[in-house]
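As provided, data15.csv (CSV, N, CA and C atoms) reads as follows.
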```csv
chain,number,residue,atom,x,y,z
A,1,MET,N,0.8,-1.2,0.0
A,1,MET,CA,0.0,0.0,0.0
A,1,MET,C,0.9,1.2,0.0
A,2,ALA,N,1.9,1.2,0.8
A,2,ALA,CA,2.8,2.4,0.9
A,2,ALA,C,3.5,2.6,-0.5
A,3,LEU,N,3.8,1.5,-1.2
A,3,LEU,CA,4.4,1.6,-2.5
A,3,LEU,C,3.5,2.3,-3.5
A,4,ASN,N,2.2,1.9,-3.5
A,4,ASN,CA,1.2,2.6,-4.3
A,4,ASN,C,1.1,4.1,-4.1
A,5,PHE,N,1.2,4.5,-2.8
A,5,PHE,CA,1.1,5.9,-2.4
A,5,PHE,C,2.3,6.6,-3.0
A,6,HIS,N,3.5,6.0,-2.8
A,6,HIS,CA,4.7,6.7,-3.3
A,6,HIS,C,4.7,6.8,-4.9
A,7,HIS,N,4.2,5.7,-5.5
A,7,HIS,CA,4.1,5.7,-7.0
A,7,HIS,C,3.1,6.8,-7.4
A,8,MET,N,2.0,7.0,-6.7
A,8,MET,CA,1.0,8.0,-7.1
A,8,MET,C,1.6,9.4,-6.9
A,9,LEU,N,2.3,9.6,-5.8
A,9,LEU,CA,2.9,10.9,-5.5
A,9,LEU,C,4.0,11.2,-6.5
A,10,LEU,N,4.8,10.3,-6.9
A,10,LEU,CA,5.8,10.5,-8.0
A,10,LEU,C,5.1,10.9,-9.3
A,11,THR,N,4.0,10.2,-9.6
A,11,THR,CA,3.3,10.5,-10.8
A,11,THR,C,2.8,11.9,-10.8
A,12,ILE,N,2.2,12.3,-9.7
A,12,ILE,CA,1.7,13.7,-9.6
A,12,ILE,C,2.8,14.7,-9.7
A,13,LEU,N,3.9,14.5,-9.1
A,13,LEU,CA,5.0,15.4,-9.1
A,13,LEU,C,5.6,15.5,-10.6
A,14,ALA,N,5.7,14.3,-11.2
A,14,ALA,CA,6.2,14.3,-12.6
A,14,ALA,C,5.2,15.1,-13.5
A,15,PHE,N,3.9,15.0,-13.3
A,15,PHE,CA,2.9,15.7,-14.1
A,15,PHE,C,3.1,17.2,-13.9
A,16,LEU,N,3.2,17.6,-12.6
A,16,LEU,CA,3.4,19.0,-12.3
A,16,LEU,C,4.6,19.6,-13.0
A,17,LEU,N,5.7,18.9,-12.9
A,17,LEU,CA,7.0,19.4,-13.5
A,17,LEU,C,6.8,19.5,-15.0
A,18,VAL,N,6.2,18.6,-15.7
A,18,VAL,CA,6.0,18.6,-17.1
A,18,VAL,C,5.1,19.7,-17.5
A,19,SER,N,4.1,20.0,-16.7
A,19,SER,CA,3.0,21.0,-17.1
A,19,SER,C,3.5,22.4,-16.8
A,20,ILE,N,4.5,22.7,-16.0
A,20,ILE,CA,5.0,24.0,-15.8
A,20,ILE,C,5.9,24.4,-17.0
A,21,PRO,N,5.5,25.6,-17.6
A,21,PRO,CA,6.3,26.0,-18.8
A,21,PRO,C,7.6,26.5,-18.3
A,22,PHE,N,8.7,26.3,-19.1
A,22,PHE,CA,10.0,26.7,-18.8
A,22,PHE,C,10.3,28.0,-19.5
A,23,ASN,N,9.6,29.1,-19.1
A,23,ASN,CA,9.9,30.4,-19.7
A,23,ASN,C,9.6,31.4,-18.6
A,24,SER,N,9.5,32.7,-19.0
A,24,SER,CA,9.3,33.8,-18.0
A,24,SER,C,8.0,33.7,-17.4
A,25,ASN,N,7.0,33.0,-18.0
A,25,ASN,CA,5.7,32.9,-17.4
A,25,ASN,C,5.7,32.0,-16.2
A,26,ALA,N,6.7,31.1,-16.1
A,26,ALA,CA,6.8,30.2,-15.0
A,26,ALA,C,7.0,30.9,-13.7
A,27,VAL,N,7.8,32.0,-13.7
A,27,VAL,CA,8.0,32.8,-12.5
A,27,VAL,C,6.7,33.5,-12.1
A,28,ALA,N,6.0,34.0,-13.1
A,28,ALA,CA,4.7,34.7,-12.8
A,28,ALA,C,3.7,33.6,-12.2
A,29,ALA,N,3.7,32.4,-12.7
A,29,ALA,CA,2.8,31.4,-12.2
A,29,ALA,C,3.0,31.0,-10.8
A,30,GLU,N,4.3,31.2,-10.3
A,30,GLU,CA,4.6,30.9,-8.9
A,30,GLU,C,3.9,31.9,-8.0
A,31,LYS,N,3.6,33.1,-8.5
A,31,LYS,CA,3.0,34.1,-7.7
A,31,LYS,C,1.4,34.0,-7.6
A,32,CYS,N,0.9,33.1,-8.4
A,32,CYS,CA,-0.6,33.0,-8.5
A,32,CYS,C,-1.1,32.0,-7.4
A,33,LEU,N,-2.1,32.5,-6.8
A,33,LEU,CA,-2.8,31.6,-5.8
A,33,LEU,C,-3.9,30.8,-6.5
A,34,LEU,N,-4.1,29.7,-6.1
A,34,LEU,CA,-5.1,28.8,-6.6
A,34,LEU,C,-6.5,29.6,-6.6
A,35,GLY,N,-7.1,29.7,-7.8
A,35,GLY,CA,-8.3,30.4,-7.9
A,35,GLY,C,-8.2,31.9,-8.0
A,36,GLY,N,-7.0,32.5,-7.8
A,36,GLY,CA,-6.7,33.9,-7.9
A,36,GLY,C,-6.4,34.3,-9.3
A,37,TYR,N,-6.2,35.6,-9.5
A,37,TYR,CA,-5.8,36.2,-10.8
A,37,TYR,C,-4.3,36.0,-11.0
A,38,CYS,N,-3.9,35.7,-12.2
A,38,CYS,CA,-2.5,35.6,-12.6
A,38,CYS,C,-2.2,36.5,-13.7
A,39,PRO,N,-1.0,37.1,-13.7
A,39,PRO,CA,-0.6,38.1,-14.8
A,39,PRO,C,-0.6,37.3,-16.1
A,40,ARG,N,-0.9,38.0,-17.2
A,40,ARG,CA,-0.8,37.5,-18.5
A,40,ARG,C,-0.1,38.5,-19.4
A,41,ASN,N,0.5,38.1,-20.5
A,41,ASN,CA,1.2,39.0,-21.4
A,41,ASN,C,0.2,39.8,-22.2
A,42,PRO,N,0.2,41.1,-22.0
A,42,PRO,CA,-0.8,42.0,-22.7
A,42,PRO,C,-0.6,41.9,-24.2
A,43,ASN,N,0.5,41.5,-24.7
A,43,ASN,CA,0.7,41.4,-26.2
A,43,ASN,C,0.3,40.0,-26.8
A,44,ASP,N,-0.1,39.1,-25.9
A,44,ASP,CA,-0.6,37.8,-26.4
A,44,ASP,C,-1.7,38.0,-27.4
A,45,PRO,N,-1.7,37.4,-28.6
A,45,PRO,CA,-2.8,37.6,-29.5
A,45,PRO,C,-4.2,37.3,-28.9
A,46,LEU,N,-4.3,36.2,-28.1
A,46,LEU,CA,-5.5,35.9,-27.4
A,46,LEU,C,-6.0,37.0,-26.6
A,47,ILE,N,-5.1,37.6,-25.8
A,47,ILE,CA,-5.5,38.8,-24.9
A,47,ILE,C,-6.0,39.9,-25.8
A,48,LYS,N,-5.3,40.2,-26.9
A,48,LYS,CA,-5.7,41.3,-27.8
A,48,LYS,C,-7.1,41.1,-28.4
A,49,ASN,N,-7.3,39.8,-28.8
A,49,ASN,CA,-8.6,39.5,-29.4
A,49,ASN,C,-9.7,39.6,-28.3
A,50,ILE,N,-9.5,39.2,-27.1
A,50,ILE,CA,-10.5,39.4,-26.1
A,50,ILE,C,-10.7,40.8,-25.7
A,51,ALA,N,-9.7,41.6,-25.7
A,51,ALA,CA,-9.8,43.1,-25.5
A,51,ALA,C,-10.6,43.7,-26.6
A,52,THR,N,-10.3,43.4,-27.8
A,52,THR,CA,-11.1,43.9,-29.0
A,52,THR,C,-12.6,43.5,-28.9
A,53,PHE,N,-12.8,42.3,-28.5
A,53,PHE,CA,-14.2,41.8,-28.3
A,53,PHE,C,-14.9,42.7,-27.2
A,54,ALA,N,-14.2,43.0,-26.1
A,54,ALA,CA,-14.8,43.8,-25.1
A,54,ALA,C,-15.1,45.2,-25.6
A,55,VAL,N,-14.3,45.8,-26.4
A,55,VAL,CA,-14.5,47.2,-26.9
A,55,VAL,C,-15.7,47.1,-27.9
A,56,VAL,N,-15.7,46.2,-28.8
A,56,VAL,CA,-16.8,46.1,-29.8
A,56,VAL,C,-18.1,45.8,-29.1
A,57,THR,N,-18.1,44.9,-28.1
A,57,THR,CA,-19.4,44.6,-27.4
A,57,THR,C,-19.8,45.9,-26.6
A,58,HIS,N,-18.9,46.5,-25.9
A,58,HIS,CA,-19.3,47.8,-25.2
A,58,HIS,C,-19.9,48.8,-26.2
A,59,ASN,N,-19.2,49.0,-27.3
A,59,ASN,CA,-19.8,49.9,-28.3
A,59,ASN,C,-21.2,49.6,-28.7
A,60,SER,N,-21.4,48.3,-29.0
A,60,SER,CA,-22.7,47.8,-29.4
A,60,SER,C,-23.8,48.0,-28.3
A,61,ASP,N,-23.4,47.7,-27.1
A,61,ASP,CA,-24.3,47.8,-25.9
A,61,ASP,C,-24.7,49.3,-25.6
A,62,SER,N,-23.7,50.2,-25.7
A,62,SER,CA,-23.9,51.6,-25.3
A,62,SER,C,-23.9,52.6,-26.4
A,63,ASN,N,-23.9,52.2,-27.6
A,63,ASN,CA,-23.9,53.1,-28.8
A,63,ASN,C,-22.7,54.0,-28.7
A,64,SER,N,-21.6,53.5,-28.3
A,64,SER,CA,-20.3,54.3,-28.3
A,64,SER,C,-19.5,54.0,-29.5
A,65,SER,N,-18.4,54.8,-29.6
A,65,SER,CA,-17.5,54.6,-30.8
A,65,SER,C,-16.1,54.6,-30.4
A,66,LEU,N,-15.8,53.8,-29.3
A,66,LEU,CA,-14.4,53.6,-28.9
A,66,LEU,C,-13.6,52.8,-29.9
A,67,GLU,N,-12.4,53.1,-30.0
A,67,GLU,CA,-11.5,52.3,-30.9
A,67,GLU,C,-10.4,51.7,-30.0
A,68,PHE,N,-10.2,50.4,-30.1
A,68,PHE,CA,-9.2,49.7,-29.4
A,68,PHE,C,-7.8,50.2,-29.8
A,69,ASP,N,-7.0,50.5,-28.7
A,69,ASP,CA,-5.6,50.9,-28.9
A,69,ASP,C,-4.6,49.8,-28.5
A,70,ASN,N,-4.6,49.5,-27.2
A,70,ASN,CA,-3.8,48.4,-26.8
A,70,ASN,C,-4.2,47.9,-25.4
A,71,VAL,N,-3.6,46.8,-24.9
A,71,VAL,CA,-3.9,46.3,-23.6
A,71,VAL,C,-2.7,46.7,-22.7
A,72,ALA,N,-3.0,47.5,-21.6
A,72,ALA,CA,-2.0,47.9,-20.7
A,72,ALA,C,-1.7,46.8,-19.7
A,73,GLU,N,-2.7,46.1,-19.2
A,73,GLU,CA,-2.5,45.1,-18.2
A,73,GLU,C,-3.5,43.9,-18.5
A,74,ALA,N,-3.1,42.7,-18.2
A,74,ALA,CA,-4.0,41.6,-18.4
A,74,ALA,C,-3.7,40.6,-17.2
A,75,GLN,N,-4.9,40.0,-16.8
A,75,GLN,CA,-4.8,39.0,-15.8
A,75,GLN,C,-5.9,37.9,-16.1
A,76,SER,N,-5.7,36.7,-15.7
A,76,SER,CA,-6.7,35.7,-15.9
A,76,SER,C,-6.9,34.9,-14.6
A,77,GLN,N,-8.1,34.3,-14.5
A,77,GLN,CA,-8.5,33.6,-13.4
A,77,GLN,C,-9.3,32.3,-13.9
A,78,VAL,N,-8.8,31.2,-13.5
A,78,VAL,CA,-9.5,29.9,-14.0
A,78,VAL,C,-10.7,29.7,-13.1
A,79,VAL,N,-11.8,29.5,-13.7
A,79,VAL,CA,-13.1,29.2,-13.0
A,79,VAL,C,-13.7,28.1,-13.9
A,80,LYS,N,-14.9,28.0,-14.0
A,80,LYS,CA,-15.5,27.0,-15.0
A,80,LYS,C,-15.4,27.7,-16.4
A,81,GLY,N,-14.2,27.9,-16.8
A,81,GLY,CA,-13.8,28.7,-18.0
A,81,GLY,C,-12.7,29.6,-17.5
A,82,VAL,N,-12.6,30.8,-18.1
A,82,VAL,CA,-11.5,31.7,-17.6
A,82,VAL,C,-12.1,33.1,-17.6
A,83,ASN,N,-11.8,33.8,-16.5
A,83,ASN,CA,-12.1,35.3,-16.5
A,83,ASN,C,-10.9,36.0,-16.9
A,84,TYR,N,-11.0,37.0,-17.7
A,84,TYR,CA,-9.9,37.9,-18.1
A,84,TYR,C,-10.2,39.3,-17.7
A,85,ARG,N,-9.4,39.8,-16.8
A,85,ARG,CA,-9.5,41.2,-16.3
A,85,ARG,C,-8.4,42.0,-17.0
A,86,LEU,N,-8.9,42.9,-17.8
A,86,LEU,CA,-8.0,43.7,-18.7
A,86,LEU,C,-8.1,45.2,-18.4
A,87,VAL,N,-7.0,45.9,-18.5
A,87,VAL,CA,-7.0,47.3,-18.6
A,87,VAL,C,-6.7,47.7,-20.0
A,88,ILE,N,-7.6,48.3,-20.7
A,88,ILE,CA,-7.6,48.6,-22.1
A,88,ILE,C,-7.5,50.1,-22.4
A,89,LYS,N,-6.5,50.4,-23.2
A,89,LYS,CA,-6.4,51.8,-23.7
A,89,LYS,C,-7.2,51.9,-25.0
A,90,VAL,N,-8.0,53.0,-25.1
A,90,VAL,CA,-8.8,53.2,-26.3
A,90,VAL,C,-8.6,54.6,-26.8
A,91,ASN,N,-9.0,54.8,-28.1
A,91,ASN,CA,-9.1,56.2,-28.7
A,91,ASN,C,-10.6,56.6,-28.6
A,92,GLU,N,-10.8,57.8,-28.1
A,92,GLU,CA,-12.2,58.3,-28.0
A,92,GLU,C,-12.3,59.6,-28.8
A,93,THR,N,-13.5,59.8,-29.4
A,93,THR,CA,-13.7,61.1,-30.1
A,93,THR,C,-14.1,62.1,-29.1
A,94,HIS,N,-14.9,61.8,-28.1
A,94,HIS,CA,-15.4,62.7,-27.1
A,94,HIS,C,-14.7,62.4,-25.7
A,95,VAL,N,-13.6,63.2,-25.4
A,95,VAL,CA,-12.8,62.9,-24.2
A,95,VAL,C,-13.1,64.0,-23.2
A,96,ILE,N,-13.3,63.7,-22.0
A,96,ILE,CA,-13.4,64.6,-20.9
A,96,ILE,C,-12.0,64.9,-20.5
A,97,GLU,N,-11.7,66.2,-20.4
A,97,GLU,CA,-10.3,66.6,-20.1
A,97,GLU,C,-9.9,66.1,-18.7
A,98,ASN,N,-8.6,65.7,-18.6
A,98,ASN,CA,-8.0,65.2,-17.3
A,98,ASN,C,-8.4,63.7,-17.0
A,99,PHE,N,-9.2,63.1,-17.9
A,99,PHE,CA,-9.5,61.7,-17.7
A,99,PHE,C,-8.8,60.8,-18.7
A,100,PRO,N,-8.1,59.8,-18.3
A,100,PRO,CA,-7.4,58.9,-19.2
A,100,PRO,C,-8.4,58.1,-20.1
A,101,ASN,N,-8.0,57.7,-21.2
A,101,ASN,CA,-8.8,56.9,-22.1
A,101,ASN,C,-8.5,55.5,-21.8
A,102,VAL,N,-8.7,55.1,-20.6
A,102,VAL,CA,-8.4,53.7,-20.1
A,102,VAL,C,-9.7,53.1,-19.4
A,103,TYR,N,-9.9,51.9,-19.8
A,103,TYR,CA,-11.1,51.2,-19.2
A,103,TYR,C,-10.6,49.9,-18.6
A,104,GLN,N,-11.4,49.4,-17.7
A,104,GLN,CA,-11.2,48.0,-17.2
A,104,GLN,C,-12.4,47.2,-17.7
A,105,ALA,N,-12.0,46.0,-18.1
A,105,ALA,CA,-13.1,45.1,-18.6
A,105,ALA,C,-12.9,43.7,-18.0
A,106,LEU,N,-14.0,43.0,-17.8
A,106,LEU,CA,-13.9,41.7,-17.3
A,106,LEU,C,-14.7,40.9,-18.4
A,107,VAL,N,-14.0,39.9,-19.0
A,107,VAL,CA,-14.6,39.1,-20.0
A,107,VAL,C,-14.4,37.6,-19.6
A,108,TYR,N,-15.5,36.9,-19.7
A,108,TYR,CA,-15.6,35.5,-19.3
A,108,TYR,C,-15.5,34.7,-20.6
A,109,LEU,N,-14.5,33.7,-20.7
A,109,LEU,CA,-14.4,32.8,-21.8
A,109,LEU,C,-14.8,31.4,-21.3
A,110,GLY,N,-16.0,31.0,-21.8
A,110,GLY,CA,-16.5,29.7,-21.3
A,110,GLY,C,-15.8,28.5,-21.9
A,111,LEU,N,-16.2,27.4,-21.6
A,111,LEU,CA,-15.6,26.1,-22.0
A,111,LEU,C,-15.7,25.8,-23.5
A,112,ASN,N,-16.6,26.5,-24.1
A,112,ASN,CA,-16.9,26.3,-25.6
A,112,ASN,C,-15.9,27.1,-26.5
A,113,GLY,N,-15.0,27.8,-25.9
A,113,GLY,CA,-14.0,28.6,-26.7
A,113,GLY,C,-14.5,29.9,-27.1
A,114,LYS,N,-14.0,30.4,-28.2
A,114,LYS,CA,-14.2,31.8,-28.7
A,114,LYS,C,-15.6,32.1,-28.9
A,115,ASP,N,-16.5,31.1,-29.1
A,115,ASP,CA,-17.9,31.4,-29.3
A,115,ASP,C,-18.6,31.5,-28.0
A,116,ASP,N,-17.9,31.4,-26.9
A,116,ASP,CA,-18.5,31.5,-25.6
A,116,ASP,C,-17.9,32.7,-24.8
A,117,LEU,N,-17.8,33.8,-25.4
A,117,LEU,CA,-17.3,35.0,-24.7
A,117,LEU,C,-18.4,35.9,-24.2
A,118,HIS,N,-18.3,36.4,-23.0
A,118,HIS,CA,-19.3,37.3,-22.4
A,118,HIS,C,-18.6,38.4,-21.7
A,119,LEU,N,-19.0,39.6,-22.0
A,119,LEU,CA,-18.5,40.8,-21.4
A,119,LEU,C,-19.3,41.0,-20.1
A,120,GLN,N,-18.6,40.9,-19.0
A,120,GLN,CA,-19.2,41.1,-17.6
A,120,GLN,C,-19.4,42.5,-17.2
A,121,TYR,N,-18.3,43.3,-17.5
A,121,TYR,CA,-18.4,44.8,-17.3
A,121,TYR,C,-17.3,45.5,-18.1
A,122,PHE,N,-17.5,46.8,-18.3
A,122,PHE,CA,-16.6,47.6,-19.0
A,122,PHE,C,-16.8,49.0,-18.4
A,123,LYS,N,-15.8,49.4,-17.7
A,123,LYS,CA,-15.9,50.7,-17.0
A,123,LYS,C,-14.7,51.6,-17.1
A,124,LYS,N,-14.9,52.9,-17.2
A,124,LYS,CA,-13.8,53.8,-17.4
A,124,LYS,C,-13.1,54.0,-16.1
A,125,LEU,N,-11.8,54.0,-16.1
A,125,LEU,CA,-10.9,54.2,-15.0
A,125,LEU,C,-10.6,55.7,-14.9
A,126,THR,N,-10.7,56.2,-13.7
A,126,THR,CA,-10.4,57.6,-13.5
A,126,THR,C,-8.9,57.8,-13.1
A,127,THR,N,-8.3,56.7,-12.7
A,127,THR,CA,-6.8,56.8,-12.4
A,127,THR,C,-6.2,55.5,-12.9
A,128,VAL,N,-5.0,55.6,-13.3
A,128,VAL,CA,-4.3,54.5,-13.9
A,128,VAL,C,-3.1,54.1,-13.0
```
Write out the structure in this file as structure tokens.
Amino acid sequence: MALNFHHMLLTILAFLLVSIPFNSNAVAAEKCLLGGYCPRNPNDPLIKNIATFAVVTHNSDSNSSLEFDNVAEAQSQVVKGVNYRLVIKVNETHVIENFPNVYQALVYLGLNGKDDLHLQYFKKLTTV
């Protein structure tokens, strides 16, 4: 019985070692708490696509005309799918002076992939 336990423990440890990427993201992954938000690369094409989705959906929902510029910060949280919390810079035609053109968005990506995106919120940040 003790041999089976040790075999199972070694199998789990081997899986964990193989599943940890050997790049700069591995250091960031160590800082993530289980169920918490983890930093993501804002230049990742997936992150940019999700940010663009957030801006387009916000424009549609609020009759706005924001234009996606870039992603300043990105984080993800694994749930039954993935929550993406993004700080998005946009270009606006009607800008209130002294306010940055920066928004925070939360987008949920469900288990069905890109067809299962949902904008949870999109709000203007008054400070960056």
Item to check | Best match for closeness to Gly36 in chain A among A:Arg85, A:His118, A:Lys123, A:His58, counting only C-alpha atoms | outcome: A:Arg85
Item to check | Atomic distance atom N of Asp44 in chain A - atom C of Ala74 in chain A, expressed in Å with one decimal | outcome: 9.5 Å
Item to check | Counting only N, CA and C atoms, the option among A:Asn83, A:Thr52, A:Thr93, A:Thr126 closest to Asn70 in chain A | outcome: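 The shortest atom-to-atom distance to Asn70 in chain A comes from A:Thr52.
Coordinates place atom C of Gln75 in chain A at a distance of 26.5 Å from atom C of Asn63 in chain A.
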Checklist entry - Got a sec to tell me which of range 55-127 of chain A DSSP assigns to helix (DSSP H, G or I), as a PyMOL selection string? => result chain A and resi 55-62+113-116
Item to check | Pairwise distance for CA of Glu73 in chain A and atom C of Val87 in chain A, rounded to one decimal in Å | outcome: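 Computing the Euclidean distance for CA of Glu73 in chain A and atom C of Val87 in chain A yields 5.3 Å.
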Checklist entry - In terms of the shortest atom-to-atom distance over only N, CA and C atoms, which of A:Lys124, A:Asn41, A:Asp115, A:Leu86 is closest to Val102 in chain A? => result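 Closest candidate: A:Lys124.
In terms of minimum interatomic distance to Val55 in chain A, A:Ala105 ranks closest within A:Ala105, A:Leu125, A:Val79, A:Gly113, counting only N, CA and C atoms.
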Item to check | range 19-85 of chain A: residues DSSP assigns to strand (DSSP E), reported as an MDAnalysis selection string | outcome: chainID A and resid 38:39 67:79 81:85
Item to check | Using only N, CA and C atoms: which of A:Val90, A:Ile50, A:Cys38, A:Leu117 has the shortest distance to Ser76 in chain A | outcome: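 That would be A:Cys38, the residue with the smallest distance to Ser76 in chain A.
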Checklist entry - In file coordinates, which residues lie within 6.5 Å of (-1.3, 51.5, -22.9) using all atoms listed in the file, given as a list in words? => result Asn70, Val71, Ala72, Ile88 and Lys89 of chain A
Next on the checklist: Can you tell me which residues surround Ala54 in chain A at a distance of at most 8 Å, considering all atoms listed in the file, apart from same-chain residues fewer than 4 positions away, and format the answer as a list in words?
Outcome noted: Lys48, Asn49, Ile50, His58, Asn59, Ser60, Ala105, Leu106, Val107, His118, Leu119, Gln120, Tyr121 and Phe122 of chain A
